[in-house]
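Quick look at input.txt (compact mmCIF, N, CA and C atoms):
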```txt
# COMPACT_ATOMS: atom_id res chain seq x y z
N MET A 4 0.84 -1.16 0.00
CA MET A 4 0.00 0.00 0.00
C MET A 4 0.89 1.23 0.00
N SER A 5 0.64 2.12 -0.90
CA SER A 5 1.41 3.34 -1.01
C SER A 5 0.85 4.37 -0.04
N ALA A 6 1.75 5.05 0.64
CA ALA A 6 1.31 6.06 1.59
C ALA A 6 0.83 7.29 0.84
N PRO A 7 -0.25 7.91 1.28
CA PRO A 7 -0.74 9.11 0.60
C PRO A 7 0.27 10.24 0.77
N GLU A 8 0.33 11.09 -0.25
CA GLU A 8 1.24 12.23 -0.16
C GLU A 8 0.70 13.22 0.85
N GLN A 9 1.63 13.80 1.61
CA GLN A 9 1.24 14.78 2.59
C GLN A 9 1.96 16.08 2.28
N PRO A 10 1.29 17.20 2.44
CA PRO A 10 1.89 18.49 2.10
C PRO A 10 3.22 18.68 2.82
N GLY A 11 4.23 19.08 2.06
CA GLY A 11 5.53 19.38 2.65
C GLY A 11 6.40 18.18 2.94
N LEU A 12 5.92 16.97 2.67
CA LEU A 12 6.70 15.78 2.96
C LEU A 12 7.01 15.03 1.67
N ALA A 13 8.20 14.47 1.61
CA ALA A 13 8.58 13.65 0.46
C ALA A 13 7.80 12.33 0.51
N VAL A 14 7.66 11.70 -0.64
CA VAL A 14 6.97 10.42 -0.71
C VAL A 14 7.88 9.35 -0.08
N ALA A 15 7.30 8.53 0.77
CA ALA A 15 8.06 7.48 1.46
C ALA A 15 8.21 6.27 0.54
N ASP A 16 9.39 5.70 0.54
CA ASP A 16 9.69 4.50 -0.23
C ASP A 16 8.93 3.31 0.35
N GLU A 17 8.34 2.49 -0.53
CA GLU A 17 7.58 1.31 -0.08
C GLU A 17 8.43 0.36 0.77
N GLY A 18 9.68 0.21 0.40
CA GLY A 18 10.57 -0.67 1.16
C GLY A 18 10.79 -0.17 2.57
N LEU A 19 10.91 1.15 2.71
CA LEU A 19 11.10 1.72 4.04
C LEU A 19 9.82 1.63 4.87
N ILE A 20 8.68 1.73 4.21
CA ILE A 20 7.41 1.54 4.92
C ILE A 20 7.36 0.10 5.46
N ALA A 21 7.79 -0.85 4.65
CA ALA A 21 7.81 -2.25 5.09
C ALA A 21 8.76 -2.43 6.26
N TRP A 22 9.93 -1.79 6.20
CA TRP A 22 10.88 -1.88 7.32
C TRP A 22 10.26 -1.30 8.59
N THR A 23 9.51 -0.22 8.45
CA THR A 23 8.89 0.40 9.62
C THR A 23 7.86 -0.53 10.23
N HIS A 24 7.12 -1.25 9.39
CA HIS A 24 6.19 -2.27 9.91
C HIS A 24 6.95 -3.37 10.66
N VAL A 25 8.08 -3.79 10.11
CA VAL A 25 8.89 -4.82 10.77
C VAL A 25 9.36 -4.33 12.13
N ILE A 26 9.77 -3.07 12.20
CA ILE A 26 10.25 -2.52 13.47
C ILE A 26 9.12 -2.47 14.49
N TYR A 27 7.92 -2.03 14.07
CA TYR A 27 6.78 -2.06 14.99
C TYR A 27 6.49 -3.50 15.41
N GLY A 28 6.61 -4.43 14.49
CA GLY A 28 6.37 -5.84 14.81
C GLY A 28 7.36 -6.36 15.85
N LEU A 29 8.61 -5.95 15.73
CA LEU A 29 9.61 -6.36 16.72
C LEU A 29 9.29 -5.77 18.10
N HIS A 30 8.92 -4.50 18.12
CA HIS A 30 8.52 -3.89 19.40
C HIS A 30 7.29 -4.60 19.97
N ALA A 31 6.33 -4.92 19.12
CA ALA A 31 5.12 -5.62 19.58
C ALA A 31 5.47 -7.01 20.11
N ALA A 32 6.45 -7.67 19.49
CA ALA A 32 6.87 -8.99 19.98
C ALA A 32 7.41 -8.88 21.40
N SER A 33 8.17 -7.83 21.68
CA SER A 33 8.67 -7.64 23.05
C SER A 33 7.53 -7.40 24.03
N VAL A 34 6.52 -6.66 23.60
CA VAL A 34 5.35 -6.43 24.46
C VAL A 34 4.67 -7.76 24.76
N VAL A 35 4.46 -8.59 23.75
CA VAL A 35 3.82 -9.89 23.94
C VAL A 35 4.65 -10.77 24.88
N ILE A 36 5.96 -10.74 24.72
CA ILE A 36 6.84 -11.50 25.62
C ILE A 36 6.65 -11.02 27.06
N GLY A 37 6.56 -9.70 27.24
CA GLY A 37 6.36 -9.15 28.58
C GLY A 37 5.02 -9.53 29.18
N ILE A 38 4.00 -9.61 28.35
CA ILE A 38 2.65 -9.95 28.84
C ILE A 38 2.56 -11.44 29.16
N THR A 39 3.21 -12.28 28.36
CA THR A 39 3.04 -13.73 28.49
C THR A 39 4.12 -14.40 29.33
N SER A 40 5.01 -13.63 29.91
CA SER A 40 6.08 -14.23 30.72
C SER A 40 6.08 -13.61 32.11
N ALA A 41 7.03 -14.00 32.90
CA ALA A 41 7.14 -13.46 34.25
C ALA A 41 7.70 -12.04 34.24
N ALA A 42 8.18 -11.58 33.09
CA ALA A 42 8.76 -10.25 32.98
C ALA A 42 7.67 -9.19 32.92
N PHE A 43 8.02 -7.98 33.34
CA PHE A 43 7.15 -6.84 33.10
C PHE A 43 7.26 -6.47 31.63
N ILE A 44 6.27 -5.80 31.09
CA ILE A 44 6.33 -5.34 29.70
C ILE A 44 7.55 -4.46 29.51
N VAL A 45 7.80 -3.55 30.45
CA VAL A 45 8.92 -2.61 30.29
C VAL A 45 10.26 -3.32 30.25
N THR A 46 10.45 -4.33 31.08
CA THR A 46 11.74 -5.02 31.08
C THR A 46 11.91 -5.86 29.82
N ALA A 47 10.83 -6.49 29.36
CA ALA A 47 10.91 -7.25 28.11
C ALA A 47 11.14 -6.30 26.94
N PHE A 48 10.54 -5.11 27.01
CA PHE A 48 10.68 -4.14 25.93
C PHE A 48 12.11 -3.59 25.85
N VAL A 49 12.69 -3.27 26.99
CA VAL A 49 14.01 -2.65 27.00
C VAL A 49 15.13 -3.68 26.86
N PHE A 50 14.98 -4.83 27.48
CA PHE A 50 16.06 -5.81 27.49
C PHE A 50 15.84 -6.99 26.54
N GLY A 51 14.69 -7.05 25.90
CA GLY A 51 14.39 -8.14 24.98
C GLY A 51 15.09 -7.95 23.64
N VAL A 52 15.52 -9.04 23.07
CA VAL A 52 16.22 -9.00 21.79
C VAL A 52 15.38 -8.33 20.69
N PRO A 53 14.07 -8.61 20.59
CA PRO A 53 13.32 -7.96 19.50
C PRO A 53 13.38 -6.43 19.54
N SER A 54 13.22 -5.83 20.72
CA SER A 54 13.25 -4.37 20.80
C SER A 54 14.66 -3.81 20.62
N ILE A 55 15.65 -4.53 21.07
CA ILE A 55 17.03 -4.07 20.86
C ILE A 55 17.34 -4.07 19.37
N VAL A 56 16.95 -5.13 18.68
CA VAL A 56 17.14 -5.19 17.22
C VAL A 56 16.35 -4.05 16.57
N ALA A 57 15.12 -3.81 17.04
CA ALA A 57 14.27 -2.77 16.47
C ALA A 57 14.91 -1.39 16.61
N VAL A 58 15.44 -1.08 17.78
CA VAL A 58 16.02 0.26 17.96
C VAL A 58 17.31 0.41 17.15
N ILE A 59 18.05 -0.67 16.98
CA ILE A 59 19.24 -0.62 16.11
C ILE A 59 18.80 -0.34 14.67
N LEU A 60 17.75 -1.02 14.22
CA LEU A 60 17.21 -0.77 12.87
C LEU A 60 16.71 0.66 12.75
N ASN A 61 16.10 1.19 13.81
CA ASN A 61 15.65 2.59 13.79
C ASN A 61 16.82 3.52 13.50
N TYR A 62 17.92 3.31 14.18
CA TYR A 62 19.08 4.18 13.97
C TYR A 62 19.70 3.97 12.59
N LEU A 63 19.71 2.73 12.11
CA LEU A 63 20.30 2.46 10.80
C LEU A 63 19.46 3.03 9.65
N LYS A 64 18.15 3.06 9.80
CA LYS A 64 17.25 3.45 8.72
C LYS A 64 16.70 4.87 8.84
N ARG A 65 16.93 5.54 9.95
CA ARG A 65 16.25 6.82 10.14
C ARG A 65 16.69 7.90 9.15
N ALA A 66 17.92 7.86 8.66
CA ALA A 66 18.33 8.85 7.66
C ALA A 66 17.52 8.71 6.38
N GLU A 67 17.15 7.48 6.03
CA GLU A 67 16.32 7.24 4.84
C GLU A 67 14.91 7.81 5.02
N ALA A 68 14.46 7.90 6.26
CA ALA A 68 13.11 8.37 6.55
C ALA A 68 13.02 9.89 6.62
N ARG A 69 14.16 10.55 6.69
CA ARG A 69 14.17 12.00 6.85
C ARG A 69 13.39 12.68 5.72
N GLY A 70 12.51 13.59 6.10
CA GLY A 70 11.72 14.33 5.13
C GLY A 70 10.42 13.66 4.72
N THR A 71 10.16 12.44 5.22
CA THR A 71 8.92 11.73 4.91
C THR A 71 8.09 11.62 6.19
N PHE A 72 6.86 11.15 6.03
CA PHE A 72 6.02 10.96 7.22
C PHE A 72 6.61 9.89 8.14
N LEU A 73 7.48 9.04 7.60
CA LEU A 73 8.08 7.99 8.41
C LEU A 73 9.07 8.54 9.43
N GLU A 74 9.58 9.74 9.19
CA GLU A 74 10.52 10.34 10.15
C GLU A 74 9.89 10.42 11.53
N SER A 75 8.60 10.78 11.59
CA SER A 75 7.92 10.87 12.89
C SER A 75 7.83 9.49 13.55
N HIS A 76 7.66 8.45 12.75
CA HIS A 76 7.56 7.10 13.31
C HIS A 76 8.90 6.65 13.89
N PHE A 77 9.97 6.97 13.20
CA PHE A 77 11.29 6.58 13.71
C PHE A 77 11.59 7.33 15.00
N ARG A 78 11.28 8.63 15.04
CA ARG A 78 11.48 9.40 16.26
C ARG A 78 10.60 8.83 17.39
N TRP A 79 9.35 8.49 17.07
CA TRP A 79 8.40 7.92 18.03
C TRP A 79 8.94 6.62 18.62
N GLN A 80 9.42 5.73 17.76
CA GLN A 80 9.93 4.43 18.20
C GLN A 80 11.19 4.58 19.04
N ILE A 81 12.10 5.43 18.60
CA ILE A 81 13.35 5.63 19.34
C ILE A 81 13.06 6.23 20.71
N ARG A 82 12.22 7.25 20.75
CA ARG A 82 11.89 7.87 22.04
C ARG A 82 11.14 6.91 22.96
N THR A 83 10.28 6.09 22.38
CA THR A 83 9.59 5.10 23.21
C THR A 83 10.60 4.19 23.89
N PHE A 84 11.58 3.72 23.14
CA PHE A 84 12.60 2.83 23.71
C PHE A 84 13.37 3.52 24.83
N TRP A 85 13.90 4.73 24.56
CA TRP A 85 14.76 5.38 25.55
C TRP A 85 13.99 5.87 26.78
N PHE A 86 12.77 6.37 26.60
CA PHE A 86 11.99 6.77 27.77
C PHE A 86 11.58 5.55 28.60
N THR A 87 11.32 4.44 27.94
CA THR A 87 11.01 3.21 28.68
C THR A 87 12.23 2.76 29.47
N LEU A 88 13.40 2.85 28.88
CA LEU A 88 14.63 2.52 29.60
C LEU A 88 14.79 3.42 30.82
N LEU A 89 14.52 4.72 30.65
CA LEU A 89 14.61 5.65 31.78
C LEU A 89 13.66 5.24 32.91
N TRP A 90 12.39 4.97 32.57
CA TRP A 90 11.42 4.58 33.61
C TRP A 90 11.79 3.23 34.23
N CYS A 91 12.35 2.35 33.43
CA CYS A 91 12.80 1.05 33.95
C CYS A 91 13.95 1.25 34.94
N ALA A 92 14.86 2.15 34.62
CA ALA A 92 16.00 2.44 35.52
C ALA A 92 15.50 3.07 36.82
N ILE A 93 14.57 4.01 36.72
CA ILE A 93 14.02 4.65 37.92
C ILE A 93 13.31 3.59 38.77
N GLY A 94 12.48 2.78 38.14
CA GLY A 94 11.80 1.71 38.88
C GLY A 94 12.78 0.73 39.49
N GLY A 95 13.83 0.39 38.76
CA GLY A 95 14.85 -0.53 39.27
C GLY A 95 15.57 0.02 40.49
N LEU A 96 15.90 1.30 40.45
CA LEU A 96 16.57 1.93 41.61
C LEU A 96 15.64 1.95 42.81
N LEU A 97 14.38 2.27 42.58
CA LEU A 97 13.42 2.29 43.68
C LEU A 97 13.16 0.89 44.22
N PHE A 98 13.19 -0.10 43.34
CA PHE A 98 12.91 -1.47 43.74
C PHE A 98 13.92 -2.00 44.75
N ALA A 99 15.09 -1.38 44.78
CA ALA A 99 16.16 -1.83 45.68
C ALA A 99 15.82 -1.62 47.15
N THR A 100 14.84 -0.80 47.45
CA THR A 100 14.44 -0.59 48.84
C THR A 100 13.03 -1.14 49.04
N LEU A 101 12.71 -1.52 50.25
CA LEU A 101 11.40 -2.09 50.54
C LEU A 101 10.28 -1.09 50.25
N VAL A 102 10.44 0.15 50.73
CA VAL A 102 9.42 1.17 50.50
C VAL A 102 9.38 1.51 49.01
N GLY A 103 10.54 1.60 48.37
CA GLY A 103 10.61 1.93 46.95
C GLY A 103 9.96 0.88 46.08
N ALA A 104 9.99 -0.38 46.54
CA ALA A 104 9.39 -1.46 45.74
C ALA A 104 7.89 -1.23 45.59
N LEU A 105 7.28 -0.64 46.61
CA LEU A 105 5.84 -0.34 46.53
C LEU A 105 5.54 0.74 45.50
N VAL A 106 6.53 1.57 45.22
CA VAL A 106 6.38 2.62 44.20
C VAL A 106 6.84 2.10 42.84
N ALA A 107 7.86 1.24 42.85
CA ALA A 107 8.45 0.76 41.59
C ALA A 107 7.46 -0.08 40.78
N ILE A 108 6.72 -0.92 41.43
CA ILE A 108 5.80 -1.80 40.70
C ILE A 108 4.75 -0.99 39.93
N PRO A 109 4.11 0.01 40.54
CA PRO A 109 3.19 0.84 39.74
C PRO A 109 3.90 1.58 38.60
N ILE A 110 5.15 1.98 38.81
CA ILE A 110 5.91 2.64 37.74
C ILE A 110 6.09 1.66 36.58
N PHE A 111 6.48 0.41 36.89
CA PHE A 111 6.66 -0.60 35.84
C PHE A 111 5.34 -0.85 35.10
N LEU A 112 4.26 -0.95 35.85
CA LEU A 112 2.96 -1.22 35.22
C LEU A 112 2.49 -0.05 34.35
N ALA A 113 2.63 1.17 34.87
CA ALA A 113 2.22 2.35 34.10
C ALA A 113 3.07 2.51 32.84
N ALA A 114 4.36 2.28 32.97
CA ALA A 114 5.25 2.37 31.81
C ALA A 114 4.89 1.29 30.79
N GLY A 115 4.49 0.12 31.27
CA GLY A 115 4.08 -0.95 30.37
C GLY A 115 2.84 -0.59 29.58
N VAL A 116 1.87 0.02 30.24
CA VAL A 116 0.65 0.47 29.55
C VAL A 116 1.01 1.54 28.52
N TRP A 117 1.91 2.45 28.90
CA TRP A 117 2.36 3.50 27.99
C TRP A 117 3.04 2.92 26.76
N VAL A 118 3.88 1.88 26.94
CA VAL A 118 4.55 1.23 25.81
C VAL A 118 3.52 0.60 24.88
N VAL A 119 2.55 -0.10 25.44
CA VAL A 119 1.52 -0.72 24.61
C VAL A 119 0.79 0.36 23.81
N TYR A 120 0.42 1.44 24.46
CA TYR A 120 -0.24 2.56 23.78
C TYR A 120 0.61 3.08 22.62
N ARG A 121 1.90 3.30 22.88
CA ARG A 121 2.78 3.87 21.85
C ARG A 121 2.96 2.93 20.66
N VAL A 122 3.09 1.65 20.93
CA VAL A 122 3.26 0.68 19.84
C VAL A 122 1.96 0.61 19.02
N VAL A 123 0.83 0.49 19.69
CA VAL A 123 -0.46 0.37 18.98
C VAL A 123 -0.77 1.66 18.22
N ARG A 124 -0.67 2.80 18.88
CA ARG A 124 -1.01 4.07 18.20
C ARG A 124 -0.08 4.32 17.01
N GLY A 125 1.21 4.08 17.20
CA GLY A 125 2.14 4.31 16.11
C GLY A 125 1.89 3.37 14.94
N TRP A 126 1.67 2.10 15.23
CA TRP A 126 1.47 1.12 14.17
C TRP A 126 0.18 1.40 13.39
N LEU A 127 -0.88 1.80 14.10
CA LEU A 127 -2.13 2.14 13.43
C LEU A 127 -1.96 3.37 12.53
N ALA A 128 -1.21 4.36 13.00
CA ALA A 128 -0.95 5.54 12.17
C ALA A 128 -0.15 5.15 10.93
N LEU A 129 0.83 4.27 11.10
CA LEU A 129 1.61 3.80 9.95
C LEU A 129 0.71 3.08 8.95
N LYS A 130 -0.17 2.23 9.45
CA LYS A 130 -1.09 1.50 8.57
C LYS A 130 -1.94 2.47 7.75
N ASP A 131 -2.30 3.60 8.36
CA ASP A 131 -3.10 4.59 7.66
C ASP A 131 -2.26 5.57 6.83
N GLY A 132 -0.94 5.39 6.86
CA GLY A 132 -0.06 6.27 6.09
C GLY A 132 0.06 7.66 6.67
N LYS A 133 -0.08 7.78 7.99
CA LYS A 133 -0.05 9.07 8.66
C LYS A 133 1.16 9.16 9.60
N PRO A 134 1.64 10.37 9.83
CA PRO A 134 2.70 10.55 10.84
C PRO A 134 2.10 10.43 12.23
N VAL A 135 2.95 10.19 13.20
CA VAL A 135 2.52 10.22 14.59
C VAL A 135 2.83 11.60 15.14
N PRO A 136 2.16 12.01 16.22
CA PRO A 136 2.43 13.34 16.77
C PRO A 136 3.88 13.47 17.24
N ILE A 137 4.36 14.68 17.20
CA ILE A 137 5.73 14.92 17.70
C ILE A 137 5.68 14.85 19.21
N SER A 138 6.46 13.90 19.73
CA SER A 138 6.56 13.76 21.20
C SER A 138 7.72 12.87 21.52
```
This entry written out as structure tokens:
Amino acid sequence: MSAPEQPGLAVADEGLIAWTHVIYGLHAASVVIGITSAAFIVTAFVFGVPSIVAVILNYLKRAEARGTFLESHFRWQIRTFWFTLLWCAIGGLLFATLVGALVAIPIFLAAGVWVVYRVVRGWLALKDGKPVPIS
């Protein structure tokens, strides 16, 4: 499916659109691993091989996306990964104390819901050939 042209943006290459779907699929695989295993979604997302491969692909392919609607998707995916890592680190540091563990678990859960939202919203926007909001 060819992405519709958007004012001020270059036409995205079909191959790069396919790569972007693959990257969302890898991120979604990490989410599924987090849901179906003893891991939290955030830990599976940040430390799981699928998401690590996905973020590497994001960095390798993002120059090709520059100037197209896909640029927003690459920025969205990269920021999702790094902000999830940040929240995972904060939760991990808090988890080291008994009182902090009571705060860390809700942080892990909230970050997991946020990751699911970002993967689903981004992938749906890609399917529709639209950019994601700048954030």
If I take atom N of Ser40 (chain A) and atom N of Leu112 (chain A), how far is one from the other in Å, to one decimal?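 Answer for the atom N of Ser40 (chain A) to atom N of Leu112 (chain A) separation: 14.0 Å.
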Per DSSP on the backbone, what are the alpha helix (DSSP H) residues of region 6-37 of chain A, as number ranges by chain? A: 17-37
Please determine, counting only C-alpha atoms, which residue among A:Trp126, A:Phe86, A:Val49, A:Cys91 has the shortest atom-to-atom distance to Pro109 (chain A).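 Closest to Pro109 (chain A) of all the choices is A:Cys91.
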Identify which of the residues A:Leu73, A:Val14, A:Ala21, A:Leu63 lies closest to Pro134 (chain A), counting only N, CA and C atoms when measuring atom-to-atom distances. A:Leu73
Please determine, counting only C-alpha atoms, which residue among A:Ile26, A:Leu96, A:Val116, A:Ala107 has the shortest atom-to-atom distance to Ile81 (chain A).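 Counting only C-alpha atoms, the residue closest to Ile81 (chain A) is A:Ile26.
Checking A:Ile44, A:Leu129, A:Val106, A:Leu19 one by one against Ala68 (chain A), counting only N, CA and C atoms, you find the shortest gap at A:Leu19.
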Rounded to one decimal in Å, what is the spacing between CA of Ala113 (chain A) and CA of Phe50 (chain A)? 17.4 Å
With only C-alpha atoms as the atoms that count, which of A:Ile93, A:Phe72, A:Ala41, A:Leu60 lies nearest to Lys130 (chain A)? A:Phe72
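Distance-wise, atom C of Tyr27 (chain A) and CA of Val122 (chain A) end up 6.9 Å apart.
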Residue list as a VMD selection string for point (11.3, -0.7, 29.1), cut-off 7 Å, only C-alpha atoms: chain A and resid 44 to 49 84 87 to 88 90 to 91
For each of A:Ser75, A:Thr83, A:Thr100, A:Thr23, take the minimum atom-to-atom distance to Ile137 (chain A), counting only C-alpha atoms, then give the residue where this is smallest.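 Using only C-alpha atoms, Ile137 (chain A) sits closest to A:Ser75.
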Kindly provide, as a VMD selection string, the polymer residues lying within 12 Å of (-1.4, 0.8, 17.4), counting only C-alpha atoms and using the coordinates exactly as they appear in the file. chain A and resid 24 27 to 28 30 to 31 76 80 117 to 131 135
